[in-house]
>>> print(open('input-v8.cif').read())   # mmCIF, C-alpha atoms
data_data
#
loop_
_atom_site.group_PDB
_atom_site.id
_atom_site.type_symbol
_atom_site.label_atom_id
_atom_site.label_comp_id
_atom_site.auth_asym_id
_atom_site.auth_seq_id
_atom_site.Cartn_x
_atom_site.Cartn_y
_atom_site.Cartn_z
ATOM 1 C CA MET A 1 3.295 -34.573 25.071
ATOM 2 C CA SER A 2 3.046 -30.830 24.546
ATOM 3 C CA PRO A 3 4.540 -29.225 21.442
ATOM 4 C CA ASN A 4 7.780 -27.350 21.759
ATOM 5 C CA PRO A 5 6.907 -23.634 22.070
ATOM 6 C CA LEU A 6 10.009 -22.679 20.093
ATOM 7 C CA THR A 7 9.004 -24.569 16.944
ATOM 8 C CA ARG A 8 7.286 -22.580 14.227
ATOM 9 C CA ARG A 9 3.908 -23.721 13.109
ATOM 10 C CA GLY A 10 3.839 -25.464 9.760
ATOM 11 C CA ARG A 11 0.577 -24.036 8.432
ATOM 12 C CA SER A 12 -0.028 -20.449 7.433
ATOM 13 C CA PHE A 13 -3.798 -20.640 7.690
ATOM 14 C CA VAL A 14 -5.290 -21.946 10.913
ATOM 15 C CA ASP A 15 -8.788 -20.556 10.390
ATOM 16 C CA ALA A 16 -9.049 -19.708 6.693
ATOM 17 C CA GLU A 17 -12.346 -17.838 7.013
ATOM 18 C CA VAL A 18 -11.186 -15.513 9.797
ATOM 19 C CA GLN A 19 -7.652 -15.048 8.505
ATOM 20 C CA GLY A 20 -8.857 -14.602 4.925
ATOM 21 C CA GLY A 21 -11.244 -11.866 6.037
ATOM 22 C CA LEU A 22 -8.473 -10.200 7.987
ATOM 23 C CA LEU A 23 -6.110 -10.358 5.010
ATOM 24 C CA ARG A 24 -8.737 -8.865 2.702
ATOM 25 C CA ALA A 25 -9.348 -6.034 5.152
ATOM 26 C CA ILE A 26 -5.618 -5.337 5.471
ATOM 27 C CA ALA A 27 -5.189 -5.410 1.692
ATOM 28 C CA VAL A 28 -8.062 -2.945 1.248
ATOM 29 C CA HIS A 29 -6.559 -0.646 3.888
ATOM 30 C CA TRP A 30 -3.140 -0.667 2.198
ATOM 31 C CA ILE A 31 -4.696 -0.029 -1.219
ATOM 32 C CA ILE A 32 -6.754 2.854 0.183
ATOM 33 C CA LEU A 33 -3.605 4.262 1.796
ATOM 34 C CA PHE A 34 -1.817 4.059 -1.549
ATOM 35 C CA VAL A 35 -4.656 5.792 -3.422
ATOM 36 C CA VAL A 36 -4.901 8.540 -0.788
ATOM 37 C CA ASN A 37 -1.125 9.111 -1.004
ATOM 38 C CA VAL A 38 -1.351 9.436 -4.786
ATOM 39 C CA LEU A 39 -4.219 11.910 -4.492
ATOM 40 C CA ALA A 40 -2.361 13.890 -1.828
ATOM 41 C CA LEU A 41 0.705 14.138 -4.069
ATOM 42 C CA VAL A 42 -1.402 15.266 -7.029
ATOM 43 C CA VAL A 43 -3.176 17.906 -4.942
ATOM 44 C CA TRP A 44 0.144 19.075 -3.471
ATOM 45 C CA LEU A 45 1.651 19.499 -6.919
ATOM 46 C CA ARG A 46 -1.422 21.299 -8.202
ATOM 47 C CA MET A 47 -1.779 23.672 -5.264
ATOM 48 C CA PHE A 48 1.832 24.532 -4.480
ATOM 49 C CA GLU A 49 3.969 23.777 -7.521
ATOM 50 C CA GLN A 50 1.801 23.966 -10.635
ATOM 51 C CA PRO A 51 -1.352 25.996 -9.978
ATOM 52 C CA GLU A 52 -1.413 27.311 -13.542
ATOM 53 C CA ILE A 53 -1.730 23.985 -15.396
ATOM 54 C CA GLY A 54 -4.654 21.552 -15.615
ATOM 55 C CA TRP A 55 -5.382 18.568 -13.406
ATOM 56 C CA GLY A 56 -4.603 16.088 -16.177
ATOM 57 C CA GLU A 57 -1.146 17.519 -16.739
ATOM 58 C CA THR A 58 -0.555 17.617 -12.993
ATOM 59 C CA PHE A 59 -1.528 13.940 -12.691
ATOM 60 C CA VAL A 60 0.796 12.934 -15.542
ATOM 61 C CA ASP A 61 3.647 14.948 -13.998
ATOM 62 C CA CYS A 62 2.968 13.333 -10.621
ATOM 63 C CA LEU A 63 3.169 9.862 -12.175
ATOM 64 C CA ARG A 64 6.406 10.773 -13.934
ATOM 65 C CA ARG A 65 8.029 12.246 -10.827
ATOM 66 C CA PHE A 66 6.868 9.737 -8.228
ATOM 67 C CA MET A 67 6.764 6.471 -10.222
ATOM 68 C CA PRO A 68 9.556 4.851 -8.127
ATOM 69 C CA PHE A 69 7.562 5.581 -4.952
ATOM 70 C CA PHE A 70 4.392 4.144 -6.500
ATOM 71 C CA VAL A 71 6.137 0.977 -7.731
ATOM 72 C CA VAL A 72 7.846 0.330 -4.396
ATOM 73 C CA SER A 73 4.635 0.992 -2.464
ATOM 74 C CA LEU A 74 2.630 -1.393 -4.638
ATOM 75 C CA ALA A 75 5.362 -4.020 -4.449
ATOM 76 C CA LEU A 76 5.394 -3.875 -0.642
ATOM 77 C CA ILE A 77 1.658 -4.438 -0.190
ATOM 78 C CA PRO A 78 1.873 -8.239 -0.729
ATOM 79 C CA ALA A 79 4.906 -8.395 1.588
ATOM 80 C CA PHE A 80 2.992 -6.604 4.351
ATOM 81 C CA ILE A 81 0.005 -8.897 3.865
ATOM 82 C CA TRP A 82 2.195 -12.017 3.908
ATOM 83 C CA ASP A 83 3.986 -10.810 7.042
ATOM 84 C CA THR A 84 0.637 -10.232 8.728
ATOM 85 C CA LEU A 85 -0.452 -13.751 7.798
ATOM 86 C CA LYS A 86 2.645 -15.228 9.390
#
>>> encode(input="input-v8.cif", output="structure tokens")
Amino acid sequence: MSPNPLTRRGRSFVDAEVQGGLLRAIAVHWIILFVVNVLALVVWLRMFEQPEIGWGETFVDCLRRFMPFFVVSLALIPAFIWDTLK
């Protein structure tokens, strides 16, 4: 008897080694994307909005201004990884 193609599979991991490696790679890619976005925002602020102040002050201002974006982005990374797993 063949399984019903409309039923969802009950296990998340079928091949833990392959899927685990894939999940690690996806997590690293999302984290790199996040870090690059932060750096791009800092550079943008420094070059176009605050060229007269130091990098440290620019970084602190970037964190203050874009904290909601950073929190949401970090919170979504596990959701994207989980969705990929499914």
>>> atom_distance(input="input-v8.cif", atom1="atom CA of A:Val35", atom2="atom CA of A:Val18")
25.9 Å
>>> residues_around(input="input-v8.cif", residues="A:Ile31", least_positions_apart="6", cutoff="12 Å", atoms="only C-alpha atoms", output="NGL selection string")
:A and (24-25 or 37-38 or 70 or 73-78 or 80-81)
>>> closest_residue(input="input-v8.cif", among="A:Thr84, A:Thr58, A:Leu63, A:Val28", to="A:Arg46", atoms="only C-alpha atoms")
A:Thr58
>>> residues_near_point(input="input-v8.cif", point="(0.4, 15.7, -4.0)", cutoff="12 Å", atoms="all atoms listed in the file", output="VMD selection string")
chain A and resid 35 to 50 55 58 to 63 65 to 66
>>> atom_distance(input="input-v8.cif", atom1="atom CA of A:Val72", atom2="atom CA of A:His29")
16.6 Å
>>> atom_distance(input="input-v8.cif", atom1="atom CA of A:Trp82", atom2="atom CA of A:Glu17")
16.0 Å
>>> decode(input="input-v8.cif", residues="stretch 12-48 of chain A", atoms="N, CA and C atoms", output="PDB file, in the first residue's frame")
ATOM      1  N   SER A  12      10.833  15.747  10.807  1.00  0.00           N
ATOM      2  CA  SER A  12      11.466  16.916  10.197  1.00  0.00           C
ATOM      3  C   SER A  12      12.782  16.526   9.538  1.00  0.00           C
ATOM      4  N   PHE A  13      13.556  15.696  10.217  1.00  0.00           N
ATOM      5  CA  PHE A  13      14.830  15.265   9.674  1.00  0.00           C
ATOM      6  C   PHE A  13      14.685  13.891   9.046  1.00  0.00           C
ATOM      7  N   VAL A  14      15.034  13.788   7.777  1.00  0.00           N
ATOM      8  CA  VAL A  14      15.065  12.498   7.103  1.00  0.00           C
ATOM      9  C   VAL A  14      16.506  12.005   7.075  1.00  0.00           C
ATOM     10  N   ASP A  15      17.407  12.870   6.673  1.00  0.00           N
ATOM     11  CA  ASP A  15      18.841  12.578   6.691  1.00  0.00           C
ATOM     12  C   ASP A  15      19.501  13.691   7.508  1.00  0.00           C
ATOM     13  N   ALA A  16      19.715  13.428   8.777  1.00  0.00           N
ATOM     14  CA  ALA A  16      20.195  14.458   9.707  1.00  0.00           C
ATOM     15  C   ALA A  16      21.538  15.046   9.279  1.00  0.00           C
ATOM     16  N   GLU A  17      22.425  14.246   8.745  1.00  0.00           N
ATOM     17  CA  GLU A  17      23.739  14.744   8.356  1.00  0.00           C
ATOM     18  C   GLU A  17      23.630  15.740   7.195  1.00  0.00           C
ATOM     19  N   VAL A  18      22.887  15.379   6.172  1.00  0.00           N
ATOM     20  CA  VAL A  18      22.739  16.253   5.006  1.00  0.00           C
ATOM     21  C   VAL A  18      21.913  17.487   5.365  1.00  0.00           C
ATOM     22  N   GLN A  19      20.771  17.262   6.008  1.00  0.00           N
ATOM     23  CA  GLN A  19      19.916  18.402   6.343  1.00  0.00           C
ATOM     24  C   GLN A  19      20.566  19.310   7.386  1.00  0.00           C
ATOM     25  N   GLY A  20      21.292  18.736   8.328  1.00  0.00           N
ATOM     26  CA  GLY A  20      21.991  19.542   9.319  1.00  0.00           C
ATOM     27  C   GLY A  20      23.049  20.419   8.665  1.00  0.00           C
ATOM     28  N   GLY A  21      23.785  19.859   7.721  1.00  0.00           N
ATOM     29  CA  GLY A  21      24.778  20.651   6.990  1.00  0.00           C
ATOM     30  C   GLY A  21      24.132  21.764   6.186  1.00  0.00           C
ATOM     31  N   LEU A  22      23.009  21.461   5.580  1.00  0.00           N
ATOM     32  CA  LEU A  22      22.279  22.467   4.818  1.00  0.00           C
ATOM     33  C   LEU A  22      21.771  23.577   5.732  1.00  0.00           C
ATOM     34  N   LEU A  23      21.237  23.202   6.885  1.00  0.00           N
ATOM     35  CA  LEU A  23      20.736  24.208   7.828  1.00  0.00           C
ATOM     36  C   LEU A  23      21.858  25.086   8.357  1.00  0.00           C
ATOM     37  N   ARG A  24      23.009  24.502   8.641  1.00  0.00           N
ATOM     38  CA  ARG A  24      24.151  25.300   9.091  1.00  0.00           C
ATOM     39  C   ARG A  24      24.583  26.279   8.009  1.00  0.00           C
ATOM     40  N   ALA A  25      24.625  25.824   6.780  1.00  0.00           N
ATOM     41  CA  ALA A  25      25.018  26.701   5.674  1.00  0.00           C
ATOM     42  C   ALA A  25      24.015  27.844   5.510  1.00  0.00           C
ATOM     43  N   ILE A  26      22.743  27.544   5.596  1.00  0.00           N
ATOM     44  CA  ILE A  26      21.714  28.582   5.467  1.00  0.00           C
ATOM     45  C   ILE A  26      21.814  29.566   6.626  1.00  0.00           C
ATOM     46  N   ALA A  27      22.031  29.059   7.832  1.00  0.00           N
ATOM     47  CA  ALA A  27      22.167  29.947   8.989  1.00  0.00           C
ATOM     48  C   ALA A  27      23.373  30.874   8.818  1.00  0.00           C
ATOM     49  N   VAL A  28      24.483  30.342   8.361  1.00  0.00           N
ATOM     50  CA  VAL A  28      25.678  31.163   8.142  1.00  0.00           C
ATOM     51  C   VAL A  28      25.396  32.226   7.084  1.00  0.00           C
ATOM     52  N   HIS A  29      24.706  31.847   6.010  1.00  0.00           N
ATOM     53  CA  HIS A  29      24.386  32.825   4.966  1.00  0.00           C
ATOM     54  C   HIS A  29      23.505  33.950   5.492  1.00  0.00           C
ATOM     55  N   TRP A  30      22.489  33.613   6.285  1.00  0.00           N
ATOM     56  CA  TRP A  30      21.612  34.644   6.848  1.00  0.00           C
ATOM     57  C   TRP A  30      22.362  35.543   7.822  1.00  0.00           C
ATOM     58  N   ILE A  31      23.253  34.965   8.615  1.00  0.00           N
ATOM     59  CA  ILE A  31      24.032  35.766   9.566  1.00  0.00           C
ATOM     60  C   ILE A  31      24.989  36.687   8.812  1.00  0.00           C
ATOM     61  N   ILE A  32      25.616  36.184   7.758  1.00  0.00           N
ATOM     62  CA  ILE A  32      26.493  37.027   6.946  1.00  0.00           C
ATOM     63  C   ILE A  32      25.690  38.150   6.299  1.00  0.00           C
ATOM     64  N   LEU A  33      24.511  37.843   5.799  1.00  0.00           N
ATOM     65  CA  LEU A  33      23.645  38.873   5.220  1.00  0.00           C
ATOM     66  C   LEU A  33      23.326  39.948   6.251  1.00  0.00           C
ATOM     67  N   PHE A  34      23.008  39.535   7.466  1.00  0.00           N
ATOM     68  CA  PHE A  34      22.703  40.485   8.528  1.00  0.00           C
ATOM     69  C   PHE A  34      23.901  41.382   8.823  1.00  0.00           C
ATOM     70  N   VAL A  35      25.082  40.787   8.971  1.00  0.00           N
ATOM     71  CA  VAL A  35      26.288  41.559   9.278  1.00  0.00           C
ATOM     72  C   VAL A  35      26.613  42.535   8.139  1.00  0.00           C
ATOM     73  N   VAL A  36      26.481  42.086   6.905  1.00  0.00           N
ATOM     74  CA  VAL A  36      26.750  42.963   5.762  1.00  0.00           C
ATOM     75  C   VAL A  36      25.748  44.118   5.732  1.00  0.00           C
ATOM     76  N   ASN A  37      24.478  43.857   6.041  1.00  0.00           N
ATOM     77  CA  ASN A  37      23.487  44.932   6.098  1.00  0.00           C
ATOM     78  C   ASN A  37      23.840  45.953   7.177  1.00  0.00           C
ATOM     79  N   VAL A  38      24.268  45.483   8.331  1.00  0.00           N
ATOM     80  CA  VAL A  38      24.668  46.400   9.401  1.00  0.00           C
ATOM     81  C   VAL A  38      25.845  47.255   8.941  1.00  0.00           C
ATOM     82  N   LEU A  39      26.851  46.625   8.358  1.00  0.00           N
ATOM     83  CA  LEU A  39      28.007  47.378   7.876  1.00  0.00           C
ATOM     84  C   LEU A  39      27.617  48.378   6.790  1.00  0.00           C
ATOM     85  N   ALA A  40      26.728  47.979   5.896  1.00  0.00           N
ATOM     86  CA  ALA A  40      26.283  48.887   4.840  1.00  0.00           C
ATOM     87  C   ALA A  40      25.565  50.094   5.431  1.00  0.00           C
ATOM     88  N   LEU A  41      24.737  49.870   6.447  1.00  0.00           N
ATOM     89  CA  LEU A  41      24.046  50.992   7.085  1.00  0.00           C
ATOM     90  C   LEU A  41      25.027  51.926   7.788  1.00  0.00           C
ATOM     91  N   VAL A  42      26.013  51.359   8.458  1.00  0.00           N
ATOM     92  CA  VAL A  42      27.020  52.181   9.138  1.00  0.00           C
ATOM     93  C   VAL A  42      27.798  53.011   8.119  1.00  0.00           C
ATOM     94  N   VAL A  43      28.227  52.388   7.041  1.00  0.00           N
ATOM     95  CA  VAL A  43      28.986  53.106   6.015  1.00  0.00           C
ATOM     96  C   VAL A  43      28.115  54.192   5.381  1.00  0.00           C
ATOM     97  N   TRP A  44      26.853  53.873   5.115  1.00  0.00           N
ATOM     98  CA  TRP A  44      25.939  54.857   4.530  1.00  0.00           C
ATOM     99  C   TRP A  44      25.807  56.082   5.442  1.00  0.00           C
ATOM    100  N   LEU A  45      25.583  55.828   6.727  1.00  0.00           N
ATOM    101  CA  LEU A  45      25.472  56.942   7.657  1.00  0.00           C
ATOM    102  C   LEU A  45      26.753  57.773   7.685  1.00  0.00           C
ATOM    103  N   ARG A  46      27.867  57.095   7.733  1.00  0.00           N
ATOM    104  CA  ARG A  46      29.158  57.790   7.820  1.00  0.00           C
ATOM    105  C   ARG A  46      29.431  58.615   6.572  1.00  0.00           C
ATOM    106  N   MET A  47      29.196  58.049   5.412  1.00  0.00           N
ATOM    107  CA  MET A  47      29.537  58.725   4.162  1.00  0.00           C
ATOM    108  C   MET A  47      28.567  59.853   3.808  1.00  0.00           C
ATOM    109  N   PHE A  48      27.276  59.617   4.000  1.00  0.00           N
ATOM    110  CA  PHE A  48      26.286  60.547   3.456  1.00  0.00           C
ATOM    111  C   PHE A  48      25.549  61.392   4.492  1.00  0.00           C
TER     112      PHE A  48
END
